[in-house]
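Written out below as structure tokens is the structure these notes cover.
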Amino acid sequence: MMPPGPNDVLRWTLLPGLSSQVFSEGMKQRIGIPVTFAVAGVGIAIGTSRSLVALYDFTQNLRIVLGDPTNAAQFGSVTSIAVSTDHNLLVCGYSFGAVCIWDAVKGVPVRTILPLRAEDRAAQKKDGHTRGVPVIHVGFVGSKGNVVSGDNQGHVFYHSVTRVMLLNTSATVRVHPASSRLAYPTTIYALAPLPHLHHRAAYPGDTMHLVALSTPYKMAIVSLKPLQTQYKLSWVRESKVDASAIRKAAPMSCLQWWPPMKQKDGERLSDPLLAASCGPKLMIIRVSHAPTSRSRRDSSIPTSDLQFTVDGSITTASNIVAIQWLDESTVACLMSSEEIVLYDVKRFLEVARADVRARQVACHDYFSKALASLMVPVEMAYYQSLRMYKGRLFIMGLREITIAGRLSWTDRLKALVTAGKFAEALSLGLEFYNGKQRNSVTGLPPSETERKRLVGNHISELLNTYVEMSLSGYDADAVQSARVSEDEEQAGGEEDDLSVYRSLCKTAFDISLAIDREQALFSDTYDHFAEAGLKGVFMEMLEPSILSGSVTTIDSPVVVQDFITYFVAQGWVQRLEQVILHLDVKTLDIHSTIEVCRRCGMWSALCYVYNRAGDYVMPLVEILEVLEKSLAEGGEENSGDNGLYTVFVYLAYVVTGKAFPIGVMTKKEAGNVKMDLWSFLMSPFYATWPPDESEFSRRKIGAEPYPYLGILLRWDVGEFLKALMVMISDSGLDGEGVRIRQNVYVEERGGRG
């Protein structure tokens, strides 16, 4: 078994022991050339050109050979094969028209249904396959060993086997068409009986023995008890088959049931699903009925309560020549282009594709002779070379039999990493995390929470390895030395070199944020960039992430401090202020951040930090102190720091109940803020803030009386009056109990207060 490559979606496993035996020259001479096969709990049954069936177990040992080579001239080659749901019986169709049911355990025939000669059919008033017409479809119906069979001339028969007086007898009933005489060329592209399940709960069609069949012109679901058509779908969109319909005949059609499955409660069964294709179109048909409390053995359940619903469809690029279900939501289609394509039939999307030309999938020409007069080229029959057992595909080629199983999600990622494709592995892992590729792999937990936890941890470790390996070759000291010695044009080349690491950093941010692993981003990933001397690259990538809202909190004080230090050193004060306005203040070091805001004149950020910390008066105090100093030094308004005009916008916002710079306050919060700011601003004397009655908290700014109003009027009377007009026009001042609480903040002066 070869390890999967970076582009592989399936793990291919050759069955060497079985293949070397079955396809050896000696075995071909003994039992014939492999023609068709089936896979079930009994093992791998291979039908050959000498009318024999070689039955192998899953350890690739030959258990038994069913049949007698001397009957090859009478029966011809095995052209179809199927195993019963209890794995005890096996049915074969032969190229000369016979049908034989075998006891797969004892290796003896249970019943042989011989074909009829055309001249004997009318004389004996019997019905059945005509001698010389290949039986290319067989399948079990119900639980009593009854079978259906279809030949390449368009005839389908139901063979019921009964035991009378220790003897097995059979009765054959025509299912399709209604008459043995056909006025137009036809065949049976596909025949699929609904598998029978032994379960106490009822499921749609459980007592009706549903069989789906498809011709070049239509698809029908027929019940055998009673014998009637329950659902019909035209491939040619004509009400009847005529010359016009013949010209529109389908080149190929395939059918495959997904049987009812136990639900989580173990009591109910899911609805049967039928995957049906016509040329390049795949559709899913659901069989359901209204809920009933009656026992599944209750014969009073009406047959008319079945509902057939097309869940959806998808049109592929080439014709579908074989279909197998991998699970309830995933269908594998073998295309005429010799590719296996996996489709998610819940969302009707392609999820994976694998080229199988190297497998040389065996095919047979069962339809061209019967449909020679049609105006459309028909496809070869591949459906007998593709089987499914326990979620894995078994493929019969011209020289070998192989098993194809979906890779686990970890193996898919490992294959890409081994090939050095880290970026592709991370991208694919992110799709697993979001559930977009869950049908193309195995091993993903069904629970979304568990899937995201498991895949997220794996991606985080993979990303950490990728970043560490990518940065290991970067030497910051060497680059710095080169920058000093190079001219300006060469220095530009160094900037181009950093583009690789910027791209790496962007990948780290995108993946970490997508999988909700910010903690790893600001610890392990940042440490790798810092150790490599590329803090700046990380910081410059952090900025747009914060401004876009992707990052709102930074749990690492080191990263926050380094970010502020880096932006201040670069002179990007305005950009830094915008970043602070987008961060959650709870993750910041309040005192150091306020100090930076004060030192760099980031007054909007200073107001924002104070406000989010619950203090709306202190920003006014801070700005008033700066205004007083500026007025003292210049004697007039300072036009050099326009950021100080933030105070007027700030007052107009918060006094009217709006959060600064954006947002709204709660009604209670807005009321308290209004009283605090009005009380402080309108104080005729120096007020204390915070209101702890201490000398330290008394804000001796400006000159009494009304020291704070005085500073604002001296700084810019026009702007203050504009702000005041907004403040006093606030409708919230009426009827909300807002009042100036003088005695709380104002020092009592001889009874005044």
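Lettering and numbering for the structure tokens are positional, with chains as A, B, ... in the shown order, residues counted from 1 in each chain, and ligands counted from 1 in the shown order.
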
Please give the complete set of residues from stretch 350-541 of chain A that DSSP, run on the backbone, assigns to strand (DSSP E), formatted as a PyMOL selection string.
chain A and resi 350-355+386-389+392-396+401-406

List as a list in words the protein and nucleic acid residues near stretch 410-417 of chain A, meaning an atom at most 8 Å away when only C-alpha atoms are counted, but skip any in the same chain fewer than 6 places from it.
Pro4, Gly5, Pro6, Asn7, Asp8, Val9, Glu424, Ala425, Leu426, Leu428, Gly429 and Val441 of chain A

Name the residues of stretch 91-178 of chain A that come out as alpha helix (DSSP H) in a backbone DSSP run; write them as a PyMOL selection string.
chain A and resi 118-124

Can you write out the residues you just picked, keeping N, CA, C and O atoms, as a compact mmCIF listing (two decimals), in the first residue's frame?
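Saved as out16.txt:
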```
# COMPACT_ATOMS: atom_id res chain seq x y z
N ALA A 118 -37.58 -18.99 -27.92
CA ALA A 118 -38.63 -18.09 -28.41
C ALA A 118 -39.85 -18.86 -28.88
O ALA A 118 -41.00 -18.47 -28.62
N GLU A 119 -39.63 -20.00 -29.54
CA GLU A 119 -40.76 -20.77 -30.06
C GLU A 119 -41.52 -21.49 -28.95
O GLU A 119 -42.69 -21.84 -29.11
N ASP A 120 -40.84 -21.76 -27.82
CA ASP A 120 -41.50 -22.46 -26.72
C ASP A 120 -42.32 -21.52 -25.84
O ASP A 120 -43.19 -21.97 -25.09
N ARG A 121 -42.01 -20.21 -25.91
CA ARG A 121 -42.66 -19.27 -25.00
C ARG A 121 -44.18 -19.26 -25.21
O ARG A 121 -44.96 -19.37 -24.26
N ALA A 122 -44.60 -19.15 -26.48
CA ALA A 122 -46.04 -19.10 -26.76
C ALA A 122 -46.70 -20.45 -26.54
O ALA A 122 -47.82 -20.53 -26.03
N ALA A 123 -46.00 -21.53 -26.90
CA ALA A 123 -46.60 -22.86 -26.79
C ALA A 123 -46.82 -23.25 -25.34
O ALA A 123 -47.84 -23.83 -24.97
N GLN A 124 -45.84 -22.93 -24.47
CA GLN A 124 -45.93 -23.35 -23.07
C GLN A 124 -46.63 -22.30 -22.20
O GLN A 124 -46.86 -22.54 -21.03
```

List as a list in words the protein and nucleic acid residues near A:Asp151, meaning an atom at most 7 Å away when only C-alpha atoms are counted, but skip any in the same chain fewer than 2 places from it.
Val133, Pro134, Val135, Ile136, His137, Ser149, Gln153, Gly154, His155, Val156 and Ile188 of chain A

Spatial neighbours of A:Gln578, 12 Å, only C-alpha atoms, chain gap at least 6 places, as an MDAnalysis selection string:
chainID A and resid 543:544 546:549 564 567 572 597 602:606 608 661

Residues as selected, all heavy atoms, written as a tab-separated table (two decimals), in the first residue's frame, can you do that?
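Okay, this is what ended up in result-v1.tsv:
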```tsv
chain	number	residue	atom	x	y	z
A	543	GLU	N	-2.56	45.72	12.84
A	543	GLU	CA	-3.35	46.95	12.69
A	543	GLU	C	-4.63	46.74	11.86
A	543	GLU	O	-5.73	47.05	12.35
A	543	GLU	CB	-2.49	48.05	12.07
A	543	GLU	CG	-3.26	49.35	11.85
A	543	GLU	CD	-2.49	50.34	11.00
A	543	GLU	OE1	-1.47	49.96	10.39
A	543	GLU	OE2	-2.92	51.51	10.93
A	544	PRO	N	-4.55	46.25	10.61
A	544	PRO	CA	-5.81	46.08	9.85
A	544	PRO	C	-6.75	45.06	10.46
A	544	PRO	O	-7.97	45.15	10.28
A	544	PRO	CB	-5.32	45.63	8.46
A	544	PRO	CG	-3.95	45.09	8.68
A	544	PRO	CD	-3.38	45.88	9.81
A	546	ILE	N	-7.32	44.71	13.63
A	546	ILE	CA	-8.06	45.42	14.67
A	546	ILE	C	-9.08	46.37	14.05
A	546	ILE	O	-10.24	46.43	14.45
A	546	ILE	CB	-7.09	46.17	15.60
A	546	ILE	CG1	-6.20	45.19	16.36
A	546	ILE	CG2	-7.87	47.06	16.57
A	546	ILE	CD1	-5.13	45.85	17.20
A	547	LEU	N	-8.66	47.11	13.04
A	547	LEU	CA	-9.54	48.09	12.41
A	547	LEU	C	-10.73	47.43	11.72
A	547	LEU	O	-11.81	48.02	11.64
A	547	LEU	CB	-8.76	48.93	11.40
A	547	LEU	CG	-7.65	49.82	11.99
A	547	LEU	CD1	-6.94	50.58	10.89
A	547	LEU	CD2	-8.21	50.78	13.03
A	548	SER	N	-10.55	46.21	11.22
A	548	SER	CA	-11.65	45.50	10.56
A	548	SER	C	-12.59	44.83	11.56
A	548	SER	O	-13.64	44.32	11.16
A	548	SER	CB	-11.08	44.45	9.60
A	548	SER	OG	-10.42	43.41	10.32
A	549	GLY	N	-12.21	44.82	12.83
A	549	GLY	CA	-13.04	44.18	13.84
A	549	GLY	C	-12.74	42.72	14.04
A	549	GLY	O	-13.38	42.06	14.87
A	564	ILE	N	2.19	49.42	20.80
A	564	ILE	CA	2.17	50.86	21.04
A	564	ILE	C	3.57	51.46	20.86
A	564	ILE	O	3.74	52.49	20.21
A	564	ILE	CB	1.64	51.16	22.45
A	564	ILE	CG1	0.15	50.75	22.54
A	564	ILE	CG2	1.81	52.62	22.82
A	564	ILE	CD1	-0.45	50.87	23.93
A	567	PHE	N	4.50	51.65	17.05
A	567	PHE	CA	3.80	52.67	16.28
A	567	PHE	C	4.24	54.07	16.69
A	567	PHE	O	4.33	54.97	15.86
A	567	PHE	CB	2.29	52.50	16.45
A	567	PHE	CG	1.67	51.65	15.38
A	567	PHE	CD1	2.00	50.31	15.25
A	567	PHE	CD2	0.77	52.19	14.48
A	567	PHE	CE1	1.46	49.53	14.28
A	567	PHE	CE2	0.21	51.41	13.47
A	567	PHE	CZ	0.55	50.06	13.37
A	572	TRP	N	3.56	56.92	13.83
A	572	TRP	CA	2.20	56.66	13.33
A	572	TRP	C	1.18	56.88	14.46
A	572	TRP	O	0.42	55.98	14.84
A	572	TRP	CB	2.11	55.23	12.81
A	572	TRP	CG	3.03	54.96	11.65
A	572	TRP	CD1	3.57	55.86	10.80
A	572	TRP	CD2	3.52	53.67	11.25
A	572	TRP	NE1	4.37	55.24	9.87
A	572	TRP	CE2	4.36	53.89	10.12
A	572	TRP	CE3	3.35	52.38	11.71
A	572	TRP	CZ2	5.01	52.86	9.47
A	572	TRP	CZ3	3.99	51.35	11.06
A	572	TRP	CH2	4.81	51.58	9.95
A	597	CYS	N	-1.34	58.17	25.49
A	597	CYS	CA	-2.31	59.07	24.86
A	597	CYS	C	-2.03	60.52	25.23
A	597	CYS	O	-2.08	61.43	24.39
A	597	CYS	CB	-3.73	58.71	25.27
A	597	CYS	SG	-4.31	57.11	24.63
A	602	MET	N	-3.11	62.04	21.83
A	602	MET	CA	-4.22	61.24	21.28
A	602	MET	C	-5.43	61.42	22.19
A	602	MET	O	-5.79	60.55	22.99
A	602	MET	CB	-3.80	59.77	21.18
A	602	MET	CG	-2.65	59.52	20.24
A	602	MET	SD	-2.25	57.77	20.01
A	602	MET	CE	-1.67	57.31	21.64
A	603	TRP	N	-6.09	62.59	22.06
A	603	TRP	CA	-7.13	62.95	23.01
A	603	TRP	C	-8.41	62.13	22.81
A	603	TRP	O	-9.11	61.83	23.77
A	603	TRP	CB	-7.43	64.45	22.89
A	603	TRP	CG	-6.19	65.27	23.10
A	603	TRP	CD1	-5.55	66.04	22.19
A	603	TRP	CD2	-5.42	65.35	24.30
A	603	TRP	NE1	-4.43	66.62	22.72
A	603	TRP	CE2	-4.31	66.21	24.04
A	603	TRP	CE3	-5.53	64.79	25.57
A	603	TRP	CZ2	-3.35	66.51	24.98
A	603	TRP	CZ3	-4.57	65.10	26.52
A	603	TRP	CH2	-3.50	65.94	26.23
A	604	SER	N	-8.72	61.79	21.58
A	604	SER	CA	-9.90	60.94	21.36
A	604	SER	C	-9.71	59.58	22.01
A	604	SER	O	-10.62	59.03	22.65
A	604	SER	CB	-10.16	60.76	19.86
A	604	SER	OG	-10.56	61.97	19.26
A	605	ALA	N	-8.51	59.02	21.84
A	605	ALA	CA	-8.22	57.73	22.46
A	605	ALA	C	-8.24	57.84	23.98
A	605	ALA	O	-8.70	56.94	24.68
A	605	ALA	CB	-6.87	57.21	21.98
A	606	LEU	N	-7.73	58.97	24.51
A	606	LEU	CA	-7.74	59.16	25.96
A	606	LEU	C	-9.17	59.18	26.49
A	606	LEU	O	-9.47	58.54	27.51
A	606	LEU	CB	-7.02	60.47	26.30
A	606	LEU	CG	-6.89	60.80	27.78
A	606	LEU	CD1	-5.51	61.37	28.09
A	606	LEU	CD2	-7.96	61.79	28.22
A	608	TYR	N	-11.77	57.82	25.09
A	608	TYR	CA	-12.33	56.48	24.89
A	608	TYR	C	-11.89	55.53	26.01
A	608	TYR	O	-12.72	54.80	26.57
A	608	TYR	CB	-11.87	55.95	23.54
A	608	TYR	CG	-12.20	54.50	23.28
A	608	TYR	CD1	-13.47	54.10	22.92
A	608	TYR	CD2	-11.21	53.51	23.41
A	608	TYR	CE1	-13.77	52.77	22.68
A	608	TYR	CE2	-11.50	52.18	23.18
A	608	TYR	CZ	-12.78	51.81	22.82
A	608	TYR	OH	-13.07	50.50	22.59
A	661	PRO	N	-16.25	57.43	20.79
A	661	PRO	CA	-16.68	58.24	19.63
A	661	PRO	C	-17.92	57.69	18.93
A	661	PRO	O	-18.52	58.37	18.12
A	661	PRO	CB	-15.46	58.17	18.71
A	661	PRO	CG	-14.88	56.82	19.00
A	661	PRO	CD	-15.09	56.58	20.46
```

So that I can check the surroundings of A:Met335, please list as a ChimeraX atom specification every protein, DNA and RNA residue that reaches within 8 Å of it, counting only C-alpha atoms and ignoring chain neighbours fewer than 2 positions away.
/A:318-322,333,337-341

Could the residues in this selection be saved with all heavy atoms as a CSV table (one decimal), in the first residue's frame?
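Generated output (out.csv):
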```
chain,number,residue,atom,x,y,z
A,318,SER,N,-19.4,15.0,-17.4
A,318,SER,CA,-19.5,13.9,-18.3
A,318,SER,C,-20.5,12.9,-17.8
A,318,SER,O,-21.0,13.0,-16.7
A,318,SER,CB,-18.1,13.2,-18.4
A,318,SER,OG,-17.6,12.9,-17.1
A,319,ASN,N,-20.8,11.9,-18.6
A,319,ASN,CA,-21.8,10.9,-18.3
A,319,ASN,C,-21.4,10.0,-17.1
A,319,ASN,O,-20.2,9.7,-16.9
A,319,ASN,CB,-22.1,10.0,-19.5
A,319,ASN,CG,-22.8,10.7,-20.6
A,319,ASN,OD1,-23.5,11.7,-20.4
A,319,ASN,ND2,-22.6,10.2,-21.8
A,320,ILE,N,-22.4,9.7,-16.2
A,320,ILE,CA,-22.1,8.9,-15.1
A,320,ILE,C,-22.4,7.4,-15.5
A,320,ILE,O,-23.4,7.1,-16.1
A,320,ILE,CB,-23.1,9.2,-14.0
A,320,ILE,CG1,-22.9,10.7,-13.5
A,320,ILE,CG2,-23.0,8.3,-12.8
A,320,ILE,CD1,-23.9,11.2,-12.5
A,321,VAL,N,-21.4,6.5,-15.3
A,321,VAL,CA,-21.5,5.1,-15.7
A,321,VAL,C,-21.6,4.2,-14.6
A,321,VAL,O,-21.8,3.0,-14.8
A,321,VAL,CB,-20.3,4.8,-16.6
A,321,VAL,CG1,-20.4,5.6,-17.9
A,321,VAL,CG2,-19.0,5.0,-15.9
A,322,ALA,N,-21.5,4.6,-13.3
A,322,ALA,CA,-21.7,3.7,-12.2
A,322,ALA,C,-21.8,4.6,-10.9
A,322,ALA,O,-21.3,5.7,-10.8
A,322,ALA,CB,-20.5,2.8,-12.0
A,333,CYS,N,-19.5,8.6,-7.9
A,333,CYS,CA,-19.9,8.3,-9.3
A,333,CYS,C,-18.6,8.1,-10.1
A,333,CYS,O,-17.6,8.8,-10.1
A,333,CYS,CB,-20.6,9.6,-9.8
A,333,CYS,SG,-22.1,9.9,-9.0
A,337,SER,N,-15.4,9.7,-18.2
A,337,SER,CA,-14.0,10.2,-18.3
A,337,SER,C,-13.0,9.5,-17.4
A,337,SER,O,-11.8,9.9,-17.3
A,337,SER,CB,-14.0,11.7,-17.9
A,337,SER,OG,-14.4,11.9,-16.6
A,338,GLU,N,-13.5,8.4,-16.8
A,338,GLU,CA,-12.7,7.5,-16.0
A,338,GLU,C,-12.1,8.3,-14.8
A,338,GLU,O,-10.9,8.2,-14.5
A,338,GLU,CB,-11.5,6.9,-16.8
A,338,GLU,CG,-12.0,5.9,-17.8
A,338,GLU,CD,-10.9,5.1,-18.4
A,338,GLU,OE1,-10.5,4.0,-17.9
A,338,GLU,OE2,-10.4,5.5,-19.5
A,339,GLU,N,-13.0,9.0,-14.1
A,339,GLU,CA,-12.7,9.6,-12.9
A,339,GLU,C,-13.8,9.2,-11.9
A,339,GLU,O,-15.0,9.0,-12.2
A,339,GLU,CB,-12.8,11.1,-13.0
A,339,GLU,CG,-11.7,11.7,-13.8
A,339,GLU,CD,-11.8,13.2,-14.0
A,339,GLU,OE1,-12.9,13.6,-14.6
A,339,GLU,OE2,-11.0,14.0,-13.5
A,340,ILE,N,-13.4,9.1,-10.6
A,340,ILE,CA,-14.4,8.9,-9.5
A,340,ILE,C,-14.6,10.2,-8.8
A,340,ILE,O,-13.6,10.9,-8.4
A,340,ILE,CB,-13.9,7.8,-8.5
A,340,ILE,CG1,-14.0,6.4,-9.1
A,340,ILE,CG2,-14.8,7.9,-7.2
A,340,ILE,CD1,-13.5,5.3,-8.2
A,341,VAL,N,-15.8,10.7,-8.8
A,341,VAL,CA,-16.2,12.0,-8.2
A,341,VAL,C,-17.1,11.7,-7.0
A,341,VAL,O,-18.1,11.0,-7.1
A,341,VAL,CB,-16.9,12.9,-9.2
A,341,VAL,CG1,-17.1,14.3,-8.6
A,341,VAL,CG2,-16.0,13.0,-10.5
```

Do you have, as a Markdown table, the list of residues of stretch 59-81 of chain A lying at most 10 Å from stretch 378-396 of chain A, each with its nearest atom pair and that distance in Å to one decimal, counting only C-alpha atoms and ordered by chain then number?
```
| residue | atom | partner | partner_atom | distance |
| --- | --- | --- | --- | --- |
| A:Thr79 | CA | A:Gln384 | CA | 8.6 |
| A:Ser80 | CA | A:Gln384 | CA | 7.3 |
| A:Ile81 | CA | A:Gln384 | CA | 8.4 |
```

Serialized selection, C-alpha atoms, as a tab-separated table (two decimals), in the first residue's frame:
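Done, and the output landed in out.tsv:
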```tsv
chain	number	residue	atom	x	y	z
A	79	THR	CA	-22.88	-11.56	-16.48
A	80	SER	CA	-24.41	-10.41	-13.20
A	81	ILE	CA	-24.13	-11.33	-9.53
```

Nearest residue to A:Trp235 out of A:Leu677, A:Met252, A:Ile221, A:Val148, using only C-alpha atoms?
A:Met252

Pick the closest to A:Glu628 from A:Lys700, A:Lys668, A:Arg575, A:His289: which is it, counting only C-alpha atoms?
A:Lys700

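Computed from the coordinates, the atom CA of A:Ser408 to atom CA of A:Asp516 distance equals 23.1 Å.
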
Write out as a VMD selection string each polymer residue whose atoms come within 10 Å of A:Phe720, counting only C-alpha atoms; drop sequence neighbours fewer than 5 positions from it.
chain A and resid 645 647 to 649 651 to 652 709 712 to 715 725 to 726

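Here atom CA of A:Pro216 and atom CA of A:Ala250 stand 4.8 Å from one another.
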